[in-house]
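As structure tokens, the structure follows; a few thoughts come after it.
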Amino acid sequence: MQKTSVQELKFIELERKIKRENWRRMWFRFKKSKLSILGLSMILVLLFMAVFADYVAPYPSHAGLHIAFKNAYKPPSLEYILGTDMYGRDVFSRIIFGFRYAFMMIGLVLSLVAPTGVILGLLAGYYRGTVIEAIIVRLSDIFISLPPLVLALSIASILEPNIFNAMMAVSLMWWPWYVKLTYSMTVSLRNEPFILAAESQGASTLHILFKELLPIQLGTILTKVTLDAGWIILIGAAISFVGLGAQPPTPELGTMVSEYSKYLPEYWWMSLGPAAGIILIILAFNLLGDGVRDVFAGE
Amino acid sequence: MQDDVILNVLNLKKYFNTTEGVVRAVDGVSFNVEYGETLALVGESGSGKTTTGHVIMGFYPPDDGKIIYKGIYDLSSPMKKRTLELKRDIQIVFQDPGTSLNPKRMVKDIITLPLLVHRTIEKKRIYEKVAELLEYVGLSEEFMFKYPHELGGGEKQLVAIARALAPQPSFIILDESTSALDVSSQAKVLNTLVKIQKELRLTYLLITHDLGVVRNISQRVMIMYLGKIYEEAPTEEFFKSPMHPYTQMLLSSIPTLSEDDEKIKPKEIESVGEIPSAVKPPTGCRFHTRCPFAKPVCSQQDPPDIIANSGHIVRCWLYE
């Protein structure tokens, strides 16, 4: 066994240093914009609240089924900062738990659709002109043409309407967008000389897909992922609002808006809180998305 | 076949179907490349010279003809069907180093790929090998951790050359490898190419439209026009006594600095017109539409091969 030489170790150390430097540069580009810093901090705060909801929320037991009629319909006060609902539950506590559901929806949908869509898009673009391309592209066209609410409706009528099934419906119509994105980029990169060079030197298809084609698209994909996070909240809330998603007493933001809207306009604070929560989280992801785009556009 | 021939191309044809019709990019081209030489394939844009190179690389399969490498390997198979050994032995350096290097990969990763694919070196010595290759083409080891956008045009092309050298090939296609560079980097790249050819006994197929480059580094020249080769000669003879009117026209269009150069320049011919479309190439000799000496026979029949001197072949009715 030959030992790694001193020279070699020196190079490995140097590479680490330069890679750290490159990360620092990306962070520098990101933080140049105050708004993206704001978006990032908002998301970190919201995420912290969501994860530690049991400790952050003033009344954690109010998240689900909890009835205390003597506290019902109370307007915002120091005790209940966003007021209470018709069962006497603290709206603010419920919103904090609502963030937990919001992040769960984002995590579930994005972890399903982004990798699936990206891999299929890369394959379709790389195997342009073959059956593989035809199947993937046609299949995504079919799913893209289904409106998410209609799909959610049919899924809810077959299975039971709950938040998980609603997210499955959203995922089913969402992955084709990632196919479209990576497919079109891959097609335009496919015959670039650097791909031909790698192929002519004997690089494997896996190498071409994930080491040559994917890194160039990563910036665009990550930007879409961040911006999509906001959209997923919106669609999830919409599906819940029409009653096909999370069911009461689940403290999902859309469900809450729907439940409390019946008490408008007298008890405005009930629906105002969760609605503001939805806006806040979407805004945060949009600001972050702009920052992510700047990081990659600057290269 | 002779032992000194590394690449033997026989009646190679490559047509492309387009909406305007069939483009006869390469239409019956034959030539031999000898071990250790630099053979220049010269032509205007649209002459099919790059297509010829790409077909040899296997980027697309030929429509007809044979390409025999080292006497035994058949190169008419597409790249994907070639053995790893062939992919190691034949390399290409592209025209524009801006597009032939992946913008998101470090120089080190770009050069490492062929080393790993062909197991040229054990993994523990990768960095040292990359540094050695970079140094060999005249770049310092700091270039290892740079991205292509941090390099100048000439430096990028040197990286591309280092990548081509990494798997220890014996044959390199230089596809307009210096035409996208400014003159000062051109000189550096050309000197490097000449140096490594001598030291590693490489064979080059130099595809170019730059006659200055041809004169400096090649031993033999072929002139291609609209998918056919019209003249083939040793470099010195090619510049001293060009025979085909097209060759004379090309040489007359080179700007000269010294009087000596001016003296050997063909005078009686002037560059006129543009290369016709390869969809409907002229009949007979394809150059007859621009040729000041064209005879009736030129537009009717393909010109015969005329051997003027040893190694000097011209396809022209004028010398019949």
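Residues are referred to by chain and number: the chain letter is A, B, ... according to the order shown in the structure tokens, the number counts from 1 in that chain, and ligands are numbered separately from 1 in the order shown.
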>> Can you work out which residues from chain A touch chain B at a cut-off of 7 Å (counting only C-alpha atoms) and hand them back as a list in words?
In response: Thr4, Glu8, Phe11, Glu15, Glu192, Pro193, Phe194, Ala197, Ser200, Gln201, Gly202, Ala203, Glu212, Pro215 and Ile216 of chain A
Limited to C-alpha atoms, could you put the picked residues into a file as a JSON list (two decimals), in the first residue's frame?
```
[["chain", "number", "residue", "atom", "x", "y", "z"],
["A", 4, "THR", "CA", -0.71, 9.43, 0.31],
["A", 8, "GLU", "CA", -1.05, 15.26, -2.26],
["A", 11, "PHE", "CA", -3.40, 19.86, -2.43],
["A", 15, "GLU", "CA", -8.94, 22.47, -2.15],
["A", 192, "GLU", "CA", -22.67, 21.46, -25.79],
["A", 193, "PRO", "CA", -19.04, 20.60, -26.55],
["A", 194, "PHE", "CA", -18.26, 19.97, -22.87],
["A", 197, "ALA", "CA", -15.93, 16.02, -24.54],
["A", 200, "SER", "CA", -15.92, 11.03, -25.91],
["A", 201, "GLN", "CA", -13.58, 10.44, -22.98],
["A", 202, "GLY", "CA", -15.75, 7.60, -21.76],
["A", 203, "ALA", "CA", -17.72, 9.24, -18.92],
["A", 212, "GLU", "CA", -22.09, 17.64, -15.79],
["A", 215, "PRO", "CA", -24.69, 21.32, -11.43],
["A", 216, "ILE", "CA", -25.38, 23.91, -14.13]]
```
>> Excluding Ser47 in chain B and its own-chain neighbours fewer than 2 positions away, which residues fall within 9 Å of it when counting only C-alpha atoms? Please give them as a list in words.
In response: Ala25, Val26, Val42, Gly43, Glu44, Ser45, Lys49, Thr50, Thr51, Met224, Tyr225, Leu226, Gly227, Lys228, Ile275 and Ala278 of chain B
> If you count only C-alpha atoms, which residues fall within 12 Å of Gly21 in chain B, apart from same-chain ones fewer than 2 positions away, as a PyMOL selection string?
Replying inline: chain B and resi 15-19+23-25+277-281
Selected residues, N, CA and C atoms, written as a PDB file, in the first residue's frame, please.
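Writing the result to part.pdb gives the following:
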```pdb
ATOM      1  N   TYR B  15     -24.274  12.925 -44.719  1.00  0.00           N
ATOM      2  CA  TYR B  15     -25.336  13.837 -45.155  1.00  0.00           C
ATOM      3  C   TYR B  15     -26.219  14.179 -43.968  1.00  0.00           C
ATOM      4  N   PHE B  16     -26.740  15.381 -43.978  1.00  0.00           N
ATOM      5  CA  PHE B  16     -27.688  15.769 -42.936  1.00  0.00           C
ATOM      6  C   PHE B  16     -29.023  16.109 -43.581  1.00  0.00           C
ATOM      7  N   ASN B  17     -30.094  15.616 -42.982  1.00  0.00           N
ATOM      8  CA  ASN B  17     -31.414  15.978 -43.476  1.00  0.00           C
ATOM      9  C   ASN B  17     -31.862  17.270 -42.811  1.00  0.00           C
ATOM     10  N   THR B  18     -32.140  18.266 -43.620  1.00  0.00           N
ATOM     11  CA  THR B  18     -32.660  19.511 -43.064  1.00  0.00           C
ATOM     12  C   THR B  18     -33.961  19.836 -43.771  1.00  0.00           C
ATOM     13  N   THR B  19     -34.615  20.906 -43.310  1.00  0.00           N
ATOM     14  CA  THR B  19     -35.895  21.270 -43.923  1.00  0.00           C
ATOM     15  C   THR B  19     -35.682  21.736 -45.358  1.00  0.00           C
ATOM     16  N   VAL B  23     -28.197  18.085 -46.841  1.00  0.00           N
ATOM     17  CA  VAL B  23     -26.914  18.788 -46.874  1.00  0.00           C
ATOM     18  C   VAL B  23     -25.810  17.756 -47.008  1.00  0.00           C
ATOM     19  N   ARG B  24     -25.050  17.833 -48.099  1.00  0.00           N
ATOM     20  CA  ARG B  24     -23.945  16.888 -48.288  1.00  0.00           C
ATOM     21  C   ARG B  24     -22.699  17.482 -47.660  1.00  0.00           C
ATOM     22  N   ALA B  25     -22.615  17.348 -46.342  1.00  0.00           N
ATOM     23  CA  ALA B  25     -21.527  18.002 -45.607  1.00  0.00           C
ATOM     24  C   ALA B  25     -20.177  17.405 -45.978  1.00  0.00           C
ATOM     25  N   SER B 277     -24.268  26.750 -51.448  1.00  0.00           N
ATOM     26  CA  SER B 277     -24.950  25.914 -50.467  1.00  0.00           C
ATOM     27  C   SER B 277     -24.631  24.438 -50.690  1.00  0.00           C
ATOM     28  N   ALA B 278     -24.449  23.719 -49.594  1.00  0.00           N
ATOM     29  CA  ALA B 278     -24.133  22.297 -49.698  1.00  0.00           C
ATOM     30  C   ALA B 278     -25.390  21.468 -49.939  1.00  0.00           C
ATOM     31  N   VAL B 279     -26.559  22.139 -49.973  1.00  0.00           N
ATOM     32  CA  VAL B 279     -27.788  21.403 -50.274  1.00  0.00           C
ATOM     33  C   VAL B 279     -27.821  21.057 -51.763  1.00  0.00           C
ATOM     34  N   LYS B 280     -27.478  22.076 -52.593  1.00  0.00           N
ATOM     35  CA  LYS B 280     -27.405  21.823 -54.035  1.00  0.00           C
ATOM     36  C   LYS B 280     -26.018  22.199 -54.519  1.00  0.00           C
ATOM     37  N   PRO B 281     -25.039  21.355 -54.269  1.00  0.00           N
ATOM     38  CA  PRO B 281     -23.684  21.717 -54.696  1.00  0.00           C
ATOM     39  C   PRO B 281     -23.607  21.731 -56.216  1.00  0.00           C
TER      40      PRO B 281
END
```
> Hey, which of B:Phe143, B:Ile121, B:Phe31, B:Leu174 ends up closest to Leu14 in chain A? Count only C-alpha atoms.
Replying inline: B:Phe143
>> Please identify the strand (DSSP E) residues within range 53-260 of chain B (assignment by DSSP from backbone atoms) and present them as a ChimeraX atom specification.
In response: /B:64-69,73-74,90-93,171-175,203-208,220-225,228-234
>> Please extract the residues of range 98-256 of chain A with a backbone DSSP assignment of alpha helix (DSSP H) and present them as a ChimeraX atom specification.
In response: /A:98-126,131-144,148-158,163-190,193-200,205-207,214-241,253-256
> Near range 141-147 of chain A, counting only C-alpha atoms, which residues have an atom at most 6 Å away, once you skip same-chain residues fewer than 3 positions from it, shown as number ranges by chain?
Replying inline: A: 138, 150, 173
>> What does the structure give for the distance between CA of Tyr126 in chain A and CA of Leu12 in chain B, in Å to one decimal?
In response: 28.2 Å
> Can you list, as a ChimeraX atom specification, every protein, DNA or RNA residue that comes within 9 Å of Phe30 in chain A when you count only C-alpha atoms, leaving out same-chain residues fewer than 6 positions away?
Replying inline: /A:36-37,291-295
